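Structure file upload_4.pdb; described as PDB, C-alpha atoms, pLDDT in the B column.
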```
ATOM      1  CA  MET A  63      64.600  95.841 105.782  1.00 48.00           C
ATOM      2  CA  LEU A  64      66.645  96.890 102.764  1.00 56.00           C
ATOM      3  CA  GLN A  65      64.622  97.568  99.669  1.00 62.00           C
ATOM      4  CA  SER A  66      65.425  94.889  97.086  1.00 85.00           C
ATOM      5  CA  GLN A  67      67.606  93.042  99.589  1.00 90.00           C
ATOM      6  CA  ARG A  68      67.589  90.033  97.302  1.00 92.00           C
ATOM      7  CA  LYS A  69      69.326  92.016  94.565  1.00 93.00           C
ATOM      8  CA  TRP A  70      72.211  92.855  96.918  1.00 94.00           C
ATOM      9  CA  VAL A  71      72.411  89.323  98.255  1.00 94.00           C
ATOM     10  CA  LEU A  72      72.747  87.901  94.741  1.00 95.00           C
ATOM     11  CA  GLU A  73      75.301  90.521  93.718  1.00 95.00           C
ATOM     12  CA  ALA A  74      77.367  89.771  96.841  1.00 95.00           C
ATOM     13  CA  ALA A  75      77.026  86.026  96.207  1.00 96.00           C
ATOM     14  CA  LYS A  76      78.323  86.320  92.620  1.00 96.00           C
ATOM     15  CA  LEU A  77      81.333  88.232  93.881  1.00 96.00           C
ATOM     16  CA  LEU A  78      82.060  85.711  96.628  1.00 95.00           C
ATOM     17  CA  VAL A  79      81.939  82.877  94.099  1.00 96.00           C
ATOM     18  CA  LYS A  80      84.651  84.656  92.111  1.00 96.00           C
ATOM     19  CA  ILE A  81      86.710  85.051  95.285  1.00 94.00           C
ATOM     20  CA  GLY A  82      86.297  81.581  96.741  1.00 93.00           C
ATOM     21  CA  GLY A  83      84.869  79.329  94.092  1.00 95.00           C
ATOM     22  CA  GLY A  84      81.618  78.983  96.007  1.00 95.00           C
ATOM     23  CA  VAL A  85      79.318  80.749  98.416  1.00 94.00           C
ATOM     24  CA  THR A  86      77.053  79.855 101.299  1.00 93.00           C
ATOM     25  CA  ILE A  87      73.994  81.989 101.895  1.00 92.00           C
ATOM     26  CA  PHE A  88      72.166  81.659 105.198  1.00 91.00           C
ATOM     27  CA  PRO A  89      68.434  82.115 105.390  1.00 90.00           C
ATOM     28  CA  PRO A  90      67.466  85.527 106.735  1.00 90.00           C
ATOM     29  CA  VAL A  91      68.064  85.844 110.457  1.00 89.00           C
ATOM     30  CA  GLU A  92      66.516  88.232 112.951  1.00 92.00           C
ATOM     31  CA  GLY A  93      68.482  91.177 114.188  1.00 89.00           C
ATOM     32  CA  GLY A  94      68.206  94.755 115.357  1.00 88.00           C
ATOM     33  CA  TRP A  95      70.144  97.912 115.979  1.00 83.00           C
ATOM     34  CA  MET A  96      69.504 101.028 118.030  1.00 85.00           C
ATOM     35  CA  ASN A  97      69.005 104.234 116.080  1.00 81.00           C
ATOM     36  CA  GLU A  98      69.747 107.800 117.198  1.00 82.00           C
ATOM     37  CA  ASP A  99      66.315 108.129 118.819  1.00 89.00           C
ATOM     38  CA  GLY A 100      66.963 105.108 121.007  1.00 91.00           C
ATOM     39  CA  VAL A 101      64.529 102.985 119.043  1.00 92.00           C
ATOM     40  CA  ILE A 102      65.472  99.431 118.053  1.00 92.00           C
ATOM     41  CA  VAL A 103      65.165  98.910 114.315  1.00 87.00           C
ATOM     42  CA  TRP A 104      64.352  95.260 113.681  1.00 90.00           C
ATOM     43  CA  GLU A 105      65.684  93.625 110.526  1.00 87.00           C
ATOM     44  CA  HIS A 106      66.187  90.324 108.767  1.00 87.00           C
ATOM     45  CA  PRO A 107      69.881  90.330 107.769  1.00 85.00           C
ATOM     46  CA  VAL A 108      71.273  87.788 105.354  1.00 88.00           C
ATOM     47  CA  LEU A 109      74.744  86.427 106.042  1.00 86.00           C
ATOM     48  CA  LEU A 110      76.948  85.090 103.251  1.00 87.00           C
ATOM     49  CA  TYR A 111      80.438  83.688 103.333  1.00 88.00           C
ATOM     50  CA  THR A 112      83.074  82.019 101.234  1.00 90.00           C
ATOM     51  CA  TYR A 113      86.454  80.440 101.949  1.00 89.00           C
ATOM     52  CA  ILE A 114      88.717  82.583  99.875  1.00 88.00           C
ATOM     53  CA  LYS A 115      91.328  81.560  97.369  1.00 89.00           C
ATOM     54  CA  PRO A 116      94.169  83.983  98.155  1.00 87.00           C
ATOM     55  CA  ASP A 117      95.060  84.966  94.591  1.00 88.00           C
ATOM     56  CA  ALA A 118      91.440  85.437  93.596  1.00 92.00           C
ATOM     57  CA  PHE A 119      90.754  87.421  96.751  1.00 91.00           C
ATOM     58  CA  LEU A 120      93.590  89.838  96.084  1.00 89.00           C
ATOM     59  CA  LYS A 121      92.592  90.139  92.442  1.00 92.00           C
ATOM     60  CA  GLU A 122      88.937  90.868  93.277  1.00 94.00           C
ATOM     61  CA  LEU A 123      89.655  93.385  96.070  1.00 92.00           C
ATOM     62  CA  PRO A 124      88.950  96.395  93.833  1.00 94.00           C
ATOM     63  CA  ARG A 125      85.601  94.888  92.764  1.00 95.00           C
ATOM     64  CA  LEU A 126      84.811  94.015  96.362  1.00 95.00           C
ATOM     65  CA  ARG A 127      85.559  97.593  97.377  1.00 95.00           C
ATOM     66  CA  GLU A 128      83.347  98.932  94.599  1.00 95.00           C
ATOM     67  CA  PHE A 129      80.469  96.677  95.653  1.00 95.00           C
ATOM     68  CA  LEU A 130      80.726  97.517  99.364  1.00 95.00           C
ATOM     69  CA  HIS A 131      80.876 101.257  98.781  1.00 95.00           C
ATOM     70  CA  LYS A 132      78.072 101.118  96.215  1.00 95.00           C
ATOM     71  CA  MET A 133      75.843  99.170  98.592  1.00 93.00           C
ATOM     72  CA  GLY A 134      76.618 101.516 101.476  1.00 92.00           C
ATOM     73  CA  ARG A 135      75.913 104.568  99.345  1.00 92.00           C
ATOM     74  CA  GLU A 136      72.788 103.414  97.496  1.00 91.00           C
ATOM     75  CA  THR A 137      71.106 101.878 100.542  1.00 89.00           C
ATOM     76  CA  ASN A 138      72.099 104.735 102.843  1.00 86.00           C
ATOM     77  CA  GLN A 139      73.990 102.606 105.350  1.00 84.00           C
ATOM     78  CA  GLY A 140      75.712 104.170 108.344  1.00 82.00           C
ATOM     79  CA  GLU A 141      78.390 101.514 108.189  1.00 84.00           C
ATOM     80  CA  VAL A 142      79.342  98.508 106.088  1.00 88.00           C
ATOM     81  CA  VAL A 143      81.499  95.855 107.729  1.00 85.00           C
ATOM     82  CA  VAL A 144      83.601  93.099 106.217  1.00 86.00           C
ATOM     83  CA  GLU A 145      84.908  90.260 108.342  1.00 84.00           C
ATOM     84  CA  PHE A 146      88.115  88.591 107.163  1.00 84.00           C
ATOM     85  CA  ASP A 147      90.801  86.594 108.933  1.00 80.00           C
ATOM     86  CA  ARG A 148      89.907  87.650 112.500  1.00 78.00           C
ATOM     87  CA  PHE A 149      89.465  91.304 111.663  1.00 84.00           C
ATOM     88  CA  PHE A 150      86.456  93.548 111.145  1.00 84.00           C
ATOM     89  CA  TYR A 151      86.952  96.214 108.493  1.00 89.00           C
ATOM     90  CA  ARG A 152      84.519  99.080 109.013  1.00 89.00           C
ATOM     91  CA  ILE A 153      83.613 101.344 106.143  1.00 91.00           C
ATOM     92  CA  THR A 154      81.839 104.503 107.259  1.00 89.00           C
ATOM     93  CA  GLN A 155      82.776 106.868 104.440  1.00 90.00           C
ATOM     94  CA  PHE A 156      81.691 105.714 101.026  1.00 92.00           C
ATOM     95  CA  ASN A 157      83.401 106.519  97.752  1.00 90.00           C
ATOM     96  CA  PRO A 158      81.298 108.646  95.406  1.00 89.00           C
ATOM     97  CA  ALA A 159      79.710 106.904  92.439  1.00 84.00           C
ATOM     98  CA  LYS A 160      81.924 106.707  89.370  1.00 76.00           C
ATOM     99  CA  GLU A 161      80.836 109.054  86.622  1.00 63.00           C
ATOM    100  CA  LYS A 162      79.541 107.261  83.549  1.00 56.00           C
ATOM    101  CA  ARG A 163      81.391 108.140  80.388  1.00 56.00           C
ATOM    102  CA  HIS A 164      79.270 108.814  77.339  1.00 56.00           C
ATOM    103  CA  GLY A 165      80.299 108.567  73.698  1.00 49.00           C
TER     104      GLY A 165
ATOM    105  CA  MET B 284      82.143  71.551 146.926  1.00 71.00           C
ATOM    106  CA  GLY B 285      83.021  69.662 143.723  1.00 80.00           C
ATOM    107  CA  ARG B 286      86.182  67.641 143.337  1.00 87.00           C
ATOM    108  CA  LYS B 287      88.732  68.544 140.711  1.00 87.00           C
ATOM    109  CA  ILE B 288      88.688  66.205 137.728  1.00 87.00           C
ATOM    110  CA  ILE B 289      92.138  65.085 136.578  1.00 86.00           C
ATOM    111  CA  ASN B 290      92.507  63.884 133.008  1.00 85.00           C
ATOM    112  CA  THR B 291      94.359  60.573 133.078  1.00 87.00           C
ATOM    113  CA  GLY B 292      93.531  59.662 129.501  1.00 87.00           C
ATOM    114  CA  PRO B 293      96.166  59.006 126.853  1.00 86.00           C
ATOM    115  CA  ALA B 294      98.038  61.977 125.408  1.00 83.00           C
ATOM    116  CA  PHE B 295      97.728  62.001 121.646  1.00 82.00           C
ATOM    117  CA  LYS B 296     100.440  63.044 119.252  1.00 85.00           C
ATOM    118  CA  ARG B 297     100.021  66.519 117.820  1.00 83.00           C
ATOM    119  CA  LEU B 298      98.938  66.487 114.192  1.00 84.00           C
ATOM    120  CA  LYS B 299     101.185  68.453 111.887  1.00 84.00           C
ATOM    121  CA  ASP B 300      99.664  70.280 108.935  1.00 80.00           C
ATOM    122  CA  THR B 301     101.883  69.602 105.924  1.00 84.00           C
ATOM    123  CA  GLY B 302      99.510  71.159 103.394  1.00 81.00           C
ATOM    124  CA  THR B 303     100.189  74.237 101.319  1.00 79.00           C
ATOM    125  CA  HIS B 304     100.663  77.327 103.440  1.00 74.00           C
ATOM    126  CA  PHE B 305      99.458  80.596 102.007  1.00 71.00           C
ATOM    127  CA  ARG B 306     101.017  83.890 102.935  1.00 72.00           C
ATOM    128  CA  ARG B 307      99.019  85.941 105.384  1.00 73.00           C
ATOM    129  CA  VAL B 308      97.545  89.091 103.934  1.00 77.00           C
ATOM    130  CA  ASN B 309      98.473  92.184 105.910  1.00 80.00           C
ATOM    131  CA  PRO B 310      95.306  93.730 107.414  1.00 84.00           C
ATOM    132  CA  ALA B 311      96.642  97.191 106.532  1.00 84.00           C
ATOM    133  CA  GLU B 312      96.806  96.094 102.880  1.00 85.00           C
ATOM    134  CA  VAL B 313      93.194  94.871 102.979  1.00 88.00           C
ATOM    135  CA  SER B 314      92.027  97.997 104.792  1.00 89.00           C
ATOM    136  CA  LEU B 315      93.604 100.255 102.173  1.00 89.00           C
ATOM    137  CA  ALA B 316      92.180  98.220  99.306  1.00 91.00           C
ATOM    138  CA  LEU B 317      88.655  98.256 100.775  1.00 92.00           C
ATOM    139  CA  GLY B 318      88.747 101.923 101.775  1.00 92.00           C
ATOM    140  CA  ALA B 319      87.958 101.016 105.382  1.00 91.00           C
ATOM    141  CA  GLN B 320      88.254 103.585 108.168  1.00 87.00           C
ATOM    142  CA  GLU B 321      88.787 101.220 111.079  1.00 80.00           C
ATOM    143  CA  ILE B 322      90.038  97.723 111.748  1.00 81.00           C
ATOM    144  CA  THR B 323      89.081  95.759 114.824  1.00 76.00           C
ATOM    145  CA  SER B 324      90.696  92.519 115.794  1.00 70.00           C
ATOM    146  CA  TYR B 325      88.003  90.269 117.276  1.00 61.00           C
ATOM    147  CA  VAL B 326      89.523  86.826 117.768  1.00 52.00           C
ATOM    148  CA  ASP B 327      92.941  85.887 119.017  1.00 48.00           C
ATOM    149  CA  VAL B 328      93.968  82.690 117.314  1.00 42.00           C
ATOM    150  CA  SER B 329      96.741  80.665 118.879  1.00 41.00           C
ATOM    151  CA  GLY B 330     100.028  81.077 117.067  1.00 39.00           C
ATOM    152  CA  SER B 331      98.916  84.057 114.998  1.00 42.00           C
ATOM    153  CA  PRO B 332     100.944  87.221 115.374  1.00 46.00           C
ATOM    154  CA  LEU B 333      99.239  90.445 116.270  1.00 51.00           C
ATOM    155  CA  SER B 334      99.580  92.813 113.362  1.00 55.00           C
ATOM    156  CA  LEU B 335     101.074  96.260 113.875  1.00 55.00           C
ATOM    157  CA  ILE B 336      97.772  97.827 112.900  1.00 54.00           C
ATOM    158  CA  ALA B 337      95.796  95.848 115.473  1.00 58.00           C
ATOM    159  CA  LEU B 338      98.492  96.544 118.094  1.00 62.00           C
ATOM    160  CA  ARG B 339      98.312 100.267 117.371  1.00 61.00           C
ATOM    161  CA  GLN B 340      94.513 100.295 117.675  1.00 60.00           C
ATOM    162  CA  GLU B 341      94.567  98.283 120.879  1.00 64.00           C
ATOM    163  CA  LEU B 342      97.131 100.676 122.368  1.00 65.00           C
ATOM    164  CA  ALA B 343      95.049 103.660 121.287  1.00 62.00           C
ATOM    165  CA  ARG B 344      92.090 102.149 123.064  1.00 62.00           C
ATOM    166  CA  ARG B 345      93.923 101.302 126.282  1.00 66.00           C
ATOM    167  CA  LEU B 346      96.343 104.193 126.693  1.00 63.00           C
ATOM    168  CA  HIS B 347      94.911 107.103 128.599  1.00 59.00           C
ATOM    169  CA  SER B 348      96.461 109.975 130.471  1.00 56.00           C
ATOM    170  CA  THR B 349      95.360 111.569 133.723  1.00 54.00           C
ATOM    171  CA  GLY B 350      97.834 114.371 133.252  1.00 55.00           C
ATOM    172  CA  GLY B 351     101.163 112.565 133.230  1.00 57.00           C
ATOM    173  CA  ARG B 352     102.568 109.835 130.988  1.00 60.00           C
ATOM    174  CA  PRO B 353      99.762 107.800 129.415  1.00 61.00           C
ATOM    175  CA  ALA B 354      99.219 104.492 131.168  1.00 64.00           C
ATOM    176  CA  LEU B 355      97.727 101.240 129.929  1.00 65.00           C
ATOM    177  CA  GLU B 356      94.138 100.919 131.123  1.00 63.00           C
ATOM    178  CA  GLY B 357      93.769  98.229 133.741  1.00 66.00           C
ATOM    179  CA  SER B 358      97.498  97.845 134.386  1.00 67.00           C
ATOM    180  CA  ARG B 359      98.269  98.019 138.075  1.00 71.00           C
ATOM    181  CA  ARG B 360     101.241  95.730 138.586  1.00 75.00           C
ATOM    182  CA  ARG B 361     104.864  96.490 137.850  1.00 79.00           C
ATOM    183  CA  GLN B 362     106.617  93.143 137.525  1.00 81.00           C
ATOM    184  CA  LYS B 363     110.166  92.368 136.481  1.00 83.00           C
ATOM    185  CA  ILE B 364     110.096  89.831 133.675  1.00 86.00           C
ATOM    186  CA  PRO B 365     113.328  88.293 132.318  1.00 86.00           C
ATOM    187  CA  LEU B 366     113.946  89.111 128.659  1.00 87.00           C
ATOM    188  CA  THR B 367     116.676  88.407 126.150  1.00 86.00           C
ATOM    189  CA  ASP B 368     118.533  91.311 124.523  1.00 86.00           C
ATOM    190  CA  GLU B 369     117.000  90.244 121.212  1.00 83.00           C
ATOM    191  CA  ALA B 370     113.455  90.466 122.599  1.00 86.00           C
ATOM    192  CA  TRP B 371     114.090  93.930 124.055  1.00 87.00           C
ATOM    193  CA  ILE B 372     115.522  95.204 120.773  1.00 84.00           C
ATOM    194  CA  LYS B 373     112.444  93.885 119.014  1.00 82.00           C
ATOM    195  CA  LEU B 374     110.160  95.658 121.493  1.00 84.00           C
ATOM    196  CA  GLU B 375     112.063  98.902 121.007  1.00 84.00           C
ATOM    197  CA  GLY B 376     111.685  98.461 117.247  1.00 80.00           C
ATOM    198  CA  LEU B 377     107.930  97.970 117.592  1.00 78.00           C
ATOM    199  CA  ALA B 378     107.586 101.013 119.863  1.00 80.00           C
ATOM    200  CA  ASN B 379     109.557 103.105 117.347  1.00 77.00           C
ATOM    201  CA  ALA B 380     107.447 101.842 114.448  1.00 70.00           C
ATOM    202  CA  LEU B 381     104.273 102.756 116.327  1.00 69.00           C
ATOM    203  CA  ALA B 382     105.715 106.177 117.177  1.00 69.00           C
ATOM    204  CA  LYS B 383     106.207 106.810 113.449  1.00 61.00           C
ATOM    205  CA  GLU B 384     102.469 106.236 113.017  1.00 57.00           C
ATOM    206  CA  GLY B 385     101.750 108.884 115.626  1.00 60.00           C
ATOM    207  CA  ARG B 386     101.276 106.605 118.630  1.00 62.00           C
ATOM    208  CA  ARG B 387     103.976 107.221 121.251  1.00 72.00           C
ATOM    209  CA  THR B 388     104.451 104.154 123.429  1.00 78.00           C
ATOM    210  CA  THR B 389     107.221 102.586 125.453  1.00 84.00           C
ATOM    211  CA  PRO B 390     108.727  99.143 124.777  1.00 85.00           C
ATOM    212  CA  GLY B 391     107.306  98.111 128.174  1.00 86.00           C
ATOM    213  CA  GLN B 392     103.753  99.038 127.132  1.00 83.00           C
ATOM    214  CA  VAL B 393     104.120  97.094 123.884  1.00 82.00           C
ATOM    215  CA  ALA B 394     105.434  94.099 125.856  1.00 85.00           C
ATOM    216  CA  SER B 395     102.516  94.315 128.274  1.00 83.00           C
ATOM    217  CA  LEU B 396      99.969  94.236 125.474  1.00 79.00           C
ATOM    218  CA  LEU B 397     101.667  91.383 123.628  1.00 80.00           C
ATOM    219  CA  LEU B 398     101.843  89.373 126.855  1.00 81.00           C
ATOM    220  CA  ILE B 399      98.135  89.917 127.570  1.00 75.00           C
ATOM    221  CA  HIS B 400      97.263  88.672 124.077  1.00 67.00           C
ATOM    222  CA  ALA B 401      99.589  85.684 124.346  1.00 69.00           C
ATOM    223  CA  LEU B 402      98.101  84.690 127.700  1.00 69.00           C
ATOM    224  CA  ARG B 403      94.595  84.687 126.235  1.00 61.00           C
ATOM    225  CA  GLN B 404      95.734  82.040 123.776  1.00 55.00           C
ATOM    226  CA  VAL B 405      97.023  79.658 126.451  1.00 56.00           C
ATOM    227  CA  GLU B 406      94.395  77.044 127.147  1.00 51.00           C
ATOM    228  CA  SER B 407      93.696  76.186 130.755  1.00 49.00           C
ATOM    229  CA  PRO B 408      95.564  72.911 131.291  1.00 49.00           C
ATOM    230  CA  SER B 409      93.598  69.957 132.555  1.00 46.00           C
ATOM    231  CA  SER B 410      96.716  69.088 134.459  1.00 45.00           C
ATOM    232  CA  PHE B 411      99.719  71.258 135.161  1.00 53.00           C
ATOM    233  CA  SER B 412     102.211  68.591 134.106  1.00 56.00           C
ATOM    234  CA  ASP B 413     102.499  70.103 130.615  1.00 56.00           C
ATOM    235  CA  ILE B 414     103.441  73.508 132.006  1.00 56.00           C
ATOM    236  CA  GLU B 415     105.800  71.890 134.505  1.00 60.00           C
ATOM    237  CA  LYS B 416     107.558  70.077 131.639  1.00 59.00           C
ATOM    238  CA  ARG B 417     107.935  73.263 129.624  1.00 57.00           C
ATOM    239  CA  LEU B 418     109.375  75.183 132.556  1.00 61.00           C
ATOM    240  CA  GLY B 419     111.552  72.310 133.738  1.00 60.00           C
ATOM    241  CA  VAL B 420     109.866  72.463 137.118  1.00 56.00           C
ATOM    242  CA  SER B 421     109.635  69.262 139.141  1.00 52.00           C
ATOM    243  CA  SER B 422     106.452  68.338 140.986  1.00 51.00           C
ATOM    244  CA  LYS B 423     108.262  69.336 144.194  1.00 47.00           C
ATOM    245  CA  GLY B 424     108.209  72.942 142.985  1.00 44.00           C
ATOM    246  CA  SER B 425     111.844  73.911 142.362  1.00 42.00           C
ATOM    247  CA  ALA B 426     113.288  74.837 138.969  1.00 41.00           C
ATOM    248  CA  LYS B 427     115.783  72.375 137.538  1.00 41.00           C
ATOM    249  CA  LYS B 428     119.148  73.786 136.558  1.00 40.00           C
ATOM    250  CA  HIS B 429     120.122  73.180 132.951  1.00 39.00           C
ATOM    251  CA  SER B 430     123.788  72.852 132.099  1.00 39.00           C
TER     252      SER B 430
END
```

Output the file's structure as structure tokens, nothing else.
Amino acid sequence: MLQSQRKWVLEAAKLLVKIGGGVTIFPPVEGGWMNEDGVIVWEHPVLLYTYIKPDAFLKELPRLREFLHKMGRETNQGEVVVEFDRFFYRITQFNPAKEKRHG
Amino acid sequence: MGRKIINTGPAFKRLKDTGTHFRRVNPAEVSLALGAQEITSYVDVSGSPLSLIALRQELARRLHSTGGRPALEGSRRRQKIPLTDEAWIKLEGLANALAKEGRRTTPGQVASLLLIHALRQVESPSSFSDIEKRLGVSSKGSAKKHS
């Protein structure tokens, strides 16, 4: 299970509210995936969704990108997937963290 | 062996959605914005066009070569299908557009893929009378001539 999964769920939820005006968060479900050693890693994924408002969705795309890449990077994911309008968008290469400017 | 069930219930009028229609966002646009490396189309929804991106990926998946011209995986039949000039020009345009993205295909291969997707969206009719009406075929099996 992701460390501090709740933190990511809430961050994703806040973003989805901006995109769709609301969000639905499912209770954790059971799931698993096979790792390189052929061992099934069991998890409790949390699924969230929103019905987008088109203008808000397009406007928030950069923030959505930033969130997805940040989550993939900081939680060491092999892949982050977004489902939208009948398509799966797979992100396997994550943008580097933005450098903080001081002063 | 079970008997076929024929639906003899009333046919209802099709509801028309007169609400606001939003423009469809191009998957390529979303992919670029999200920094995604791959797009997979997972559901074919009736009436929705296949995007060029999804078409290209599907072709990439199905086309394979055993030494000669790449062939579509699973395609065994060579059927003649009537087409309008307009449809053929459109298919040539799609094949050219895909070639520009590095995927060489023929208009026939594009047509084959589009037809397979379109067929998936056709619901199995509870009776064939709807299809007969659309084709102008009588129940005796011969096509009606239209003047």

Practice problem: Report as a PyMOL selection string the set of chain A residues whose atoms approach chain B to within 8 Å, with distances computed over only C-alpha atoms. | Solution: chain A and resi 116+123-124+126-127+148-155

Practice problem: Run the PyMOL selection byres ((chain A and resi 89) around 8) mentally over the shown coordinates, then write out the matched residues as a PyMOL selection string, using the chain letters and numbers from the document. | Solution: chain A and resi 87-88+90-91+108-109

Quiz prompt | Atom-to-atom span, CA of Trp95 in chain A and CA of Arg68 in chain A, Å | solution =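 Value for the CA of Trp95 in chain A-CA of Arg68 in chain A distance: 20.4 Å.
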
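In this model, the gap between CA of Trp104 in chain A and CA of Ala159 in chain A comes to 28.7 Å.
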
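Taking CA of Val101 in chain A as the reference point, CA of Glu141 in chain A is found at 17.7 Å.
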
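This file, queried with the PyMOL selection byres ((chain A and resi 92) around 6), gives the residues Val91, Gly93, Glu105 and His106 of chain A.
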